[in-house]
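*Asks:* Would you mind keeping the following structure in view while I ask a few things?
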Amino acid sequence: MAAPSMKERQACWGARDEYWKCLDENTEDASQCKKLRSSFESSCPQQWIKYFDKRRDYLKFKEKFEAGQFQPSKTTAKS
Amino acid sequence: MLLLIWAPKAWHRLSPLKPPALLWTPGGEAVHVRYRLLSRQGPGERGRQTQPQGPGFRTRLLITGLFGAGLGGAWLAARAEKERRRQQQRTEALRQAAVGQGDFSLLDHRGQARCKADFRGQWVLMYFGFTHCPDICPDELEKLVQVVQELEAEPGLPPVQPVFITVDPERDTVAAMARYVQDFHPRLLGLTGSAEQVAQVSRSYRVYYSAGPKDEDQDYVVDHSIAIYLLSPDGLFTDYYSRARSAQQIADSVRRHMAAFRSVLH
């Protein structure tokens with residue numbers, strides 16, 4: 001399977017960005033973005049979809065972390 | 001030995017004063033101290049000074065000064081010699097490193113065999129990645145190409161050779177590399193080879209890489225360290241730039257290295 005060309009890469013990134021924008025607008029509710037999800041899945045190799053999904057999770061986690069939503073547990077604070 | 005020049009007369013004159021340690025520092029300070037002493041001598045003393053009792057004060061001053069200057073000069077010469085020898089040893093070590101370390105034997109995207117010596121005389125910006133890379137490699141290569149283009153636009157700067165080396169030799173054949181590099185820059189050179197050759201070059205440049213698990217399509221991503229390496233025209237690793245550095249910052253850094261560069265080969 002040949003690697004995606006520059007055009008194919010850009011098509012994939014575009015579809016990903018659309019899908020992610022939809023998720024942002026719907027507070028991560030994937031059911032609202034089914035059409036964009038299938039467009040995303042058809043534009044990108046499967047490995048990339050897995051990779052971008054993981055990346056999305058990481059970026060969201062990072063946002064929460066930086067907003068201070070994760071506090072050290074009481075036990076560690078005491079030690 | 002200087003005391004022979006100065007004693008006993010000087011001691012006689014100096015006895016009411018606290019003799020400053022005939023502090024031994026090259027030339028300058030000793031002279032300064034002696035001038036202070038000279039000024040302490042009152043008018044009454046002048047009469048005695050003109051008596052011919054061996055070398056006059058000024059003569060002694062001159063001799064001491066010359067001696068001091070001589071010692072100082074010898075010390076500076078010895079220091080320069082030590083520095084020169086140290087520099088020579090370092091040059092020799094660097095010369096050895098330029099030839100031995102970081103050598104590679106790979107195929108470029110036109111199928112031609114290449115080794116590190118081929119790039120001698122050129123500045124090289126090198127990136128390790130793979131063609132099936134989702135986003136990082138294209139981003140980093142775009143950045144690298146931007147740097148090359150910015151430097152190309154400046155007259156008087158030597159051209160920089162952009163190089164892309166694969167960490168996925170299994171899939172990145174010569175043809176795959178040719179297809180990939182054409183999208184970035186006409187001078188971007190893709191390098192690939194056998195698994196052993198890629199392992200060797202990655203070791204030389206301390207690049208970590210690890211192919212992930214294959215899915216149903218036999219597709220996989222390769223986890224790898226992300227850095228753009230700068231090699232000098234001597235083939236020496238000169239600097240590296242992480243993902244956090246912008247094209248502008250990298251271009252500025254390369255410019256600085258170019259300005260400071262002195263070849264150790266020839």
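Each chain in the structure tokens gets a letter, A, B, ..., in the order shown, and its residues are numbered from 1; ligands are numbered from 1 in order too.
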For chain B, report every residue with an atom at most 9 Å from chain A (counting only C-alpha atoms), formatted as a list in words.
*Replies:*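 Every residue meeting the condition is included here: Thr131, His132, Cys133, Pro134, Asp135, Pro138, Arg171, Asp172, Ala176, Arg179, Tyr180, Asp183, Phe184, Lys214, Asp215, Asp217, Gln218, Asp219, Tyr220 and Val221 of chain B.
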*Asks:* Identify, with DSSP run on backbone atoms, the residues in region 111-173 of chain B assigned to strand (DSSP E or B), and express the list as a PyMOL selection string.
*Replies:* chain B and resi 113-115+123-129+160-166
*Asks:* I need the chosen residues saved as a short mmCIF file (atom, residue, chain, number, x, y, z; two decimals), in the first residue's frame, with N, CA and C atoms.
*Replies:*
```cif
data_model
loop_
_atom_site.label_atom_id
_atom_site.label_comp_id
_atom_site.auth_asym_id
_atom_site.auth_seq_id
_atom_site.Cartn_x
_atom_site.Cartn_y
_atom_site.Cartn_z
N ALA B 113 24.22 5.36 -4.77
CA ALA B 113 24.79 5.12 -3.46
C ALA B 113 25.38 6.40 -2.91
N ARG B 114 25.14 6.66 -1.62
CA ARG B 114 25.67 7.88 -0.99
C ARG B 114 26.29 7.53 0.34
N CYS B 115 27.39 8.24 0.66
CA CYS B 115 27.95 8.11 1.99
C CYS B 115 28.19 9.52 2.52
N TRP B 123 26.77 22.46 4.01
CA TRP B 123 25.97 22.44 5.22
C TRP B 123 24.78 21.52 4.94
N VAL B 124 24.43 20.69 5.91
CA VAL B 124 23.35 19.73 5.71
C VAL B 124 22.33 19.87 6.84
N LEU B 125 21.06 19.93 6.47
CA LEU B 125 19.98 19.85 7.47
C LEU B 125 19.29 18.51 7.25
N MET B 126 19.30 17.69 8.28
CA MET B 126 18.91 16.30 8.13
C MET B 126 17.72 15.97 9.03
N TYR B 127 16.76 15.21 8.50
CA TYR B 127 15.60 14.81 9.29
C TYR B 127 15.34 13.34 9.09
N PHE B 128 15.00 12.63 10.19
CA PHE B 128 14.69 11.21 10.12
C PHE B 128 13.19 11.03 10.25
N GLY B 129 12.60 10.28 9.33
CA GLY B 129 11.15 10.07 9.41
C GLY B 129 10.76 8.92 8.51
N VAL B 160 22.22 25.22 1.57
CA VAL B 160 22.10 24.16 2.56
C VAL B 160 21.45 22.96 1.89
N GLN B 161 22.00 21.78 2.13
CA GLN B 161 21.45 20.57 1.53
C GLN B 161 20.44 19.92 2.47
N PRO B 162 19.15 19.87 2.09
CA PRO B 162 18.17 19.20 2.95
C PRO B 162 18.18 17.70 2.66
N VAL B 163 18.17 16.91 3.75
CA VAL B 163 18.22 15.45 3.60
C VAL B 163 17.14 14.81 4.46
N PHE B 164 16.47 13.83 3.91
CA PHE B 164 15.42 13.09 4.62
C PHE B 164 15.84 11.62 4.65
N ILE B 165 16.01 11.07 5.84
CA ILE B 165 16.44 9.67 5.96
C ILE B 165 15.30 8.87 6.56
N THR B 166 14.99 7.74 5.96
CA THR B 166 13.86 6.97 6.45
C THR B 166 14.22 6.08 7.63
#
```
*Asks:* Between B:Ser242, B:Thr173, B:Ser210, B:Ser232, which one has atoms that come closest to Ser194 (chain B), using only C-alpha atoms?
*Replies:* B:Thr173
*Asks:* Would you give me, as a short mmCIF file (atom, residue, chain, number, x, y, z; two decimals) with N, CA, C and O atoms, in the first residue's frame, the residues in chain A that DSSP reads as helix (DSSP H, G or I)?
*Replies:*
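Result file follows (states.cif):
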```cif
data_model
loop_
_atom_site.label_atom_id
_atom_site.label_comp_id
_atom_site.auth_asym_id
_atom_site.auth_seq_id
_atom_site.Cartn_x
_atom_site.Cartn_y
_atom_site.Cartn_z
N MET A 6 0.86 14.05 -1.11
CA MET A 6 0.61 15.31 -0.44
C MET A 6 -0.87 15.69 -0.53
O MET A 6 -1.48 16.11 0.46
N LYS A 7 -1.48 15.49 -1.69
CA LYS A 7 -2.90 15.84 -1.85
C LYS A 7 -3.77 14.99 -0.93
O LYS A 7 -4.69 15.49 -0.29
N GLU A 8 -3.43 13.71 -0.88
CA GLU A 8 -4.23 12.80 -0.05
C GLU A 8 -4.06 13.16 1.43
O GLU A 8 -5.02 13.12 2.20
N ARG A 9 -2.84 13.53 1.79
CA ARG A 9 -2.59 13.93 3.18
C ARG A 9 -3.45 15.13 3.52
O ARG A 9 -4.10 15.19 4.57
N GLN A 10 -3.44 16.11 2.62
CA GLN A 10 -4.18 17.33 2.90
C GLN A 10 -5.68 17.07 2.96
O GLN A 10 -6.39 17.66 3.78
N ALA A 11 -6.17 16.17 2.11
CA ALA A 11 -7.59 15.82 2.14
C ALA A 11 -7.92 15.19 3.50
O ALA A 11 -8.95 15.51 4.11
N CYS A 12 -7.03 14.31 3.94
CA CYS A 12 -7.24 13.64 5.23
C CYS A 12 -7.24 14.65 6.37
O CYS A 12 -8.12 14.63 7.23
N TRP A 13 -6.27 15.56 6.36
CA TRP A 13 -6.20 16.55 7.44
C TRP A 13 -7.43 17.45 7.44
O TRP A 13 -7.94 17.83 8.49
N GLY A 14 -7.88 17.80 6.25
CA GLY A 14 -9.09 18.62 6.13
C GLY A 14 -10.28 17.92 6.76
O GLY A 14 -11.01 18.52 7.56
N ALA A 15 -10.47 16.65 6.41
CA ALA A 15 -11.60 15.88 6.95
C ALA A 15 -11.48 15.76 8.47
O ALA A 15 -12.47 15.88 9.20
N ARG A 16 -10.28 15.53 8.94
CA ARG A 16 -10.04 15.44 10.38
C ARG A 16 -10.41 16.75 11.06
O ARG A 16 -11.09 16.77 12.09
N ASP A 17 -9.96 17.87 10.46
CA ASP A 17 -10.23 19.17 11.07
C ASP A 17 -11.72 19.46 11.13
O ASP A 17 -12.23 20.00 12.12
N GLU A 18 -12.45 19.06 10.07
CA GLU A 18 -13.90 19.25 10.05
C GLU A 18 -14.54 18.45 11.18
O GLU A 18 -15.40 18.94 11.91
N TYR A 19 -14.10 17.20 11.29
CA TYR A 19 -14.67 16.32 12.31
C TYR A 19 -14.38 16.88 13.70
O TYR A 19 -15.26 16.94 14.56
N TRP A 20 -13.18 17.34 13.92
CA TRP A 20 -12.81 17.86 15.22
C TRP A 20 -13.55 19.16 15.55
O TRP A 20 -13.91 19.41 16.68
N LYS A 21 -13.79 19.94 14.53
CA LYS A 21 -14.55 21.17 14.74
C LYS A 21 -15.97 20.83 15.20
O LYS A 21 -16.51 21.45 16.11
N CYS A 22 -16.54 19.81 14.56
CA CYS A 22 -17.88 19.35 14.95
C CYS A 22 -17.87 18.88 16.40
O CYS A 22 -18.78 19.20 17.17
N LEU A 23 -16.86 18.13 16.76
CA LEU A 23 -16.77 17.64 18.14
C LEU A 23 -16.66 18.80 19.13
O LEU A 23 -17.28 18.81 20.19
N ASP A 24 -15.87 19.81 18.74
CA ASP A 24 -15.73 20.98 19.62
C ASP A 24 -17.08 21.64 19.84
O ASP A 24 -17.41 22.07 20.95
N GLU A 25 -17.85 21.74 18.74
CA GLU A 25 -19.14 22.42 18.84
C GLU A 25 -20.16 21.61 19.62
O GLU A 25 -21.11 22.18 20.15
N ALA A 30 -20.05 12.44 19.85
CA ALA A 30 -19.74 11.90 18.53
C ALA A 30 -21.00 11.59 17.72
O ALA A 30 -20.97 11.57 16.50
N SER A 31 -22.13 11.35 18.39
CA SER A 31 -23.35 10.98 17.66
C SER A 31 -23.84 12.11 16.77
O SER A 31 -24.54 11.89 15.79
N GLN A 32 -23.46 13.35 17.11
CA GLN A 32 -23.89 14.49 16.30
C GLN A 32 -23.04 14.66 15.04
O GLN A 32 -23.39 15.46 14.18
N CYS A 33 -21.92 13.94 15.00
CA CYS A 33 -20.98 14.19 13.90
C CYS A 33 -20.74 12.97 13.05
O CYS A 33 -19.67 12.79 12.48
N LYS A 34 -21.77 12.11 12.97
CA LYS A 34 -21.57 10.82 12.29
C LYS A 34 -21.14 10.99 10.84
O LYS A 34 -20.27 10.26 10.36
N LYS A 35 -21.71 11.96 10.17
CA LYS A 35 -21.41 12.10 8.74
C LYS A 35 -19.94 12.52 8.54
O LYS A 35 -19.25 11.98 7.68
N LEU A 36 -19.51 13.46 9.39
CA LEU A 36 -18.13 13.92 9.25
C LEU A 36 -17.17 12.81 9.65
O LEU A 36 -16.07 12.70 9.10
N ARG A 37 -17.61 11.99 10.59
CA ARG A 37 -16.77 10.87 11.00
C ARG A 37 -16.55 9.91 9.85
O ARG A 37 -15.43 9.46 9.59
N SER A 38 -17.62 9.59 9.11
CA SER A 38 -17.44 8.64 8.00
C SER A 38 -16.65 9.28 6.87
O SER A 38 -15.87 8.61 6.19
N SER A 39 -16.78 10.58 6.70
CA SER A 39 -15.97 11.27 5.69
C SER A 39 -14.49 11.22 6.10
O SER A 39 -13.60 10.97 5.27
N PHE A 40 -14.26 11.43 7.38
CA PHE A 40 -12.90 11.35 7.93
C PHE A 40 -12.34 9.95 7.72
O PHE A 40 -11.21 9.76 7.26
N GLU A 41 -13.14 8.95 8.01
CA GLU A 41 -12.65 7.57 7.91
C GLU A 41 -12.37 7.17 6.47
O GLU A 41 -11.51 6.33 6.21
N SER A 42 -13.09 7.75 5.53
CA SER A 42 -12.82 7.38 4.13
C SER A 42 -11.65 8.15 3.54
O SER A 42 -11.08 7.74 2.53
N SER A 43 -11.28 9.26 4.16
CA SER A 43 -10.17 10.06 3.61
C SER A 43 -8.81 9.63 4.13
O SER A 43 -7.80 10.03 3.57
N GLN A 46 -6.39 3.77 7.95
CA GLN A 46 -6.89 3.35 9.26
C GLN A 46 -5.91 3.66 10.38
O GLN A 46 -6.29 4.12 11.47
N GLN A 47 -4.62 3.43 10.11
CA GLN A 47 -3.60 3.71 11.11
C GLN A 47 -3.62 5.17 11.52
O GLN A 47 -3.41 5.52 12.68
N TRP A 48 -3.87 6.04 10.56
CA TRP A 48 -3.89 7.47 10.84
C TRP A 48 -5.10 7.82 11.68
O TRP A 48 -5.03 8.69 12.55
N ILE A 49 -6.23 7.14 11.41
CA ILE A 49 -7.44 7.42 12.18
C ILE A 49 -7.20 7.07 13.64
O ILE A 49 -7.53 7.85 14.54
N LYS A 50 -6.61 5.91 13.85
CA LYS A 50 -6.30 5.50 15.23
C LYS A 50 -5.36 6.52 15.88
O LYS A 50 -5.55 6.92 17.02
N TYR A 51 -4.36 6.93 15.11
CA TYR A 51 -3.38 7.88 15.61
C TYR A 51 -4.04 9.21 15.94
O TYR A 51 -3.81 9.78 17.01
N PHE A 52 -4.89 9.71 15.07
CA PHE A 52 -5.53 11.01 15.30
C PHE A 52 -6.52 10.93 16.45
O PHE A 52 -6.67 11.88 17.21
N ASP A 53 -7.19 9.80 16.60
CA ASP A 53 -8.11 9.63 17.74
C ASP A 53 -7.34 9.71 19.06
O ASP A 53 -7.76 10.38 20.00
N LYS A 54 -6.21 9.03 19.07
CA LYS A 54 -5.39 9.07 20.29
C LYS A 54 -4.90 10.48 20.54
O LYS A 54 -4.85 10.97 21.67
N ARG A 55 -4.55 11.15 19.47
CA ARG A 55 -4.04 12.52 19.58
C ARG A 55 -5.13 13.43 20.13
O ARG A 55 -4.87 14.29 20.97
N ARG A 56 -6.34 13.22 19.68
CA ARG A 56 -7.48 14.01 20.14
C ARG A 56 -7.66 13.83 21.64
O ARG A 56 -7.82 14.80 22.39
N ASP A 57 -7.63 12.57 22.07
CA ASP A 57 -7.77 12.27 23.50
C ASP A 57 -6.69 12.99 24.30
O ASP A 57 -6.95 13.58 25.34
N TYR A 58 -5.47 12.92 23.78
CA TYR A 58 -4.36 13.54 24.47
C TYR A 58 -4.53 15.05 24.56
O TYR A 58 -4.33 15.65 25.61
N LEU A 59 -4.95 15.68 23.44
CA LEU A 59 -5.11 17.14 23.44
C LEU A 59 -6.20 17.57 24.42
O LEU A 59 -6.06 18.57 25.11
N LYS A 60 -7.28 16.78 24.48
CA LYS A 60 -8.36 17.10 25.41
C LYS A 60 -7.90 16.95 26.85
O LYS A 60 -8.22 17.77 27.71
N PHE A 61 -7.16 15.89 27.09
CA PHE A 61 -6.63 15.66 28.44
C PHE A 61 -5.72 16.82 28.83
O PHE A 61 -5.79 17.34 29.95
N LYS A 62 -4.88 17.21 27.90
CA LYS A 62 -3.94 18.29 28.17
C LYS A 62 -4.69 19.57 28.52
O LYS A 62 -4.31 20.30 29.44
N GLU A 63 -5.76 19.84 27.78
CA GLU A 63 -6.56 21.05 28.06
C GLU A 63 -7.08 21.02 29.48
O GLU A 63 -6.99 22.00 30.21
N LYS A 64 -7.65 19.84 29.87
CA LYS A 64 -8.23 19.72 31.21
C LYS A 64 -7.15 19.87 32.27
O LYS A 64 -7.33 20.50 33.30
N PHE A 65 -6.02 19.24 31.99
CA PHE A 65 -4.92 19.27 32.94
C PHE A 65 -4.44 20.69 33.16
O PHE A 65 -4.22 21.13 34.28
N GLU A 66 -4.27 21.42 32.03
CA GLU A 66 -3.79 22.78 32.16
C GLU A 66 -4.82 23.69 32.81
O GLU A 66 -4.47 24.71 33.40
N LYS A 74 -5.53 13.31 47.99
CA LYS A 74 -5.22 13.75 49.36
C LYS A 74 -4.05 12.97 49.95
O LYS A 74 -3.25 13.51 50.70
N THR A 75 -3.99 11.70 49.65
CA THR A 75 -2.91 10.88 50.24
C THR A 75 -1.54 11.37 49.81
O THR A 75 -0.62 11.47 50.61
N THR A 76 -1.36 11.71 48.57
CA THR A 76 -0.03 12.16 48.13
C THR A 76 0.27 13.54 48.71
O THR A 76 1.41 13.87 49.01
N ALA A 77 -0.77 14.36 48.85
CA ALA A 77 -0.53 15.72 49.37
C ALA A 77 0.02 15.66 50.78
O ALA A 77 0.84 16.48 51.19
N LYS A 78 -0.41 14.65 51.54
CA LYS A 78 0.04 14.57 52.93
C LYS A 78 1.48 14.09 53.05
O LYS A 78 2.20 14.45 53.96
#
```
*Asks:* Please report the interatomic distance between CA of Ala195 (chain B) and CA of Cys137 (chain B) in Å with one decimal.
*Replies:*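 Computing the Euclidean distance for CA of Ala195 (chain B) and CA of Cys137 (chain B) yields 19.9 Å.
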*Asks:* Pick the closest to Asp139 (chain B) from B:Phe237, B:Ile228, B:Phe261, B:Arg85: which is it, counting only C-alpha atoms?
*Replies:* B:Ile228
*Asks:* Given the choices B:Glu152, B:Asp108, B:Glu140, B:Asp103, which gets closest to Arg203 (chain B) if the distance is worked out from only C-alpha atoms?
*Replies:* B:Asp103
*Asks:* Could you state the separation of CA of Pro158 (chain B) and CA of His257 (chain B) in Å, given to one decimal place?
*Replies:* 11.8 Å
*Asks:* Please identify all polymer residues within 7 Å of region 244-256 of chain B, counting only C-alpha atoms, omitting same-chain residues fewer than 6 positions from it, and present them as a PDB file with all heavy atoms, in the first residue's frame.
*Replies:*
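Produced file around.pdb, reproduced below:
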```
ATOM      1  N   LYS B 143       8.908  22.652   7.532  1.00  0.00           N
ATOM      2  CA  LYS B 143       9.684  23.617   8.304  1.00  0.00           C
ATOM      3  C   LYS B 143      11.128  23.647   7.809  1.00  0.00           C
ATOM      4  O   LYS B 143      11.710  24.711   7.597  1.00  0.00           O
ATOM      5  CB  LYS B 143       9.626  23.213   9.788  1.00  0.00           C
ATOM      6  CG  LYS B 143      10.151  24.254  10.723  1.00  0.00           C
ATOM      7  CD  LYS B 143       9.828  23.916  12.170  1.00  0.00           C
ATOM      8  CE  LYS B 143      10.657  22.782  12.693  1.00  0.00           C
ATOM      9  NZ  LYS B 143      10.434  22.544  14.144  1.00  0.00           N
ATOM     10  N   LEU B 144      11.682  22.474   7.596  1.00  0.00           N
ATOM     11  CA  LEU B 144      13.057  22.360   7.145  1.00  0.00           C
ATOM     12  C   LEU B 144      13.213  23.048   5.786  1.00  0.00           C
ATOM     13  O   LEU B 144      14.166  23.803   5.552  1.00  0.00           O
ATOM     14  CB  LEU B 144      13.420  20.868   7.026  1.00  0.00           C
ATOM     15  CG  LEU B 144      14.878  20.466   7.015  1.00  0.00           C
ATOM     16  CD1 LEU B 144      15.003  19.013   7.414  1.00  0.00           C
ATOM     17  CD2 LEU B 144      15.498  20.648   5.662  1.00  0.00           C
ATOM     18  N   GLN B 146      11.347  25.375   4.578  1.00  0.00           N
ATOM     19  CA  GLN B 146      11.209  26.818   4.774  1.00  0.00           C
ATOM     20  C   GLN B 146      12.545  27.436   5.157  1.00  0.00           C
ATOM     21  O   GLN B 146      12.916  28.518   4.675  1.00  0.00           O
ATOM     22  CB  GLN B 146      10.229  27.074   5.915  1.00  0.00           C
ATOM     23  CG  GLN B 146       8.920  27.693   5.491  1.00  0.00           C
ATOM     24  CD  GLN B 146       8.077  28.027   6.720  1.00  0.00           C
ATOM     25  OE1 GLN B 146       7.732  27.151   7.511  1.00  0.00           O
ATOM     26  NE2 GLN B 146       7.768  29.274   6.904  1.00  0.00           N
ATOM     27  N   VAL B 147      13.266  26.750   6.041  1.00  0.00           N
ATOM     28  CA  VAL B 147      14.579  27.237   6.467  1.00  0.00           C
ATOM     29  C   VAL B 147      15.516  27.308   5.257  1.00  0.00           C
ATOM     30  O   VAL B 147      16.191  28.317   5.035  1.00  0.00           O
ATOM     31  CB  VAL B 147      15.189  26.308   7.540  1.00  0.00           C
ATOM     32  CG1 VAL B 147      16.611  26.701   7.863  1.00  0.00           C
ATOM     33  CG2 VAL B 147      14.345  26.323   8.805  1.00  0.00           C
ATOM     34  N   LEU B 151      17.240  30.724   3.634  1.00  0.00           N
ATOM     35  CA  LEU B 151      18.679  30.901   3.495  1.00  0.00           C
ATOM     36  C   LEU B 151      19.107  31.007   2.038  1.00  0.00           C
ATOM     37  O   LEU B 151      20.042  31.719   1.695  1.00  0.00           O
ATOM     38  CB  LEU B 151      19.411  29.750   4.193  1.00  0.00           C
ATOM     39  CG  LEU B 151      19.189  29.693   5.704  1.00  0.00           C
ATOM     40  CD1 LEU B 151      19.753  28.412   6.287  1.00  0.00           C
ATOM     41  CD2 LEU B 151      19.821  30.888   6.396  1.00  0.00           C
TER      42      LEU B 151
END
```
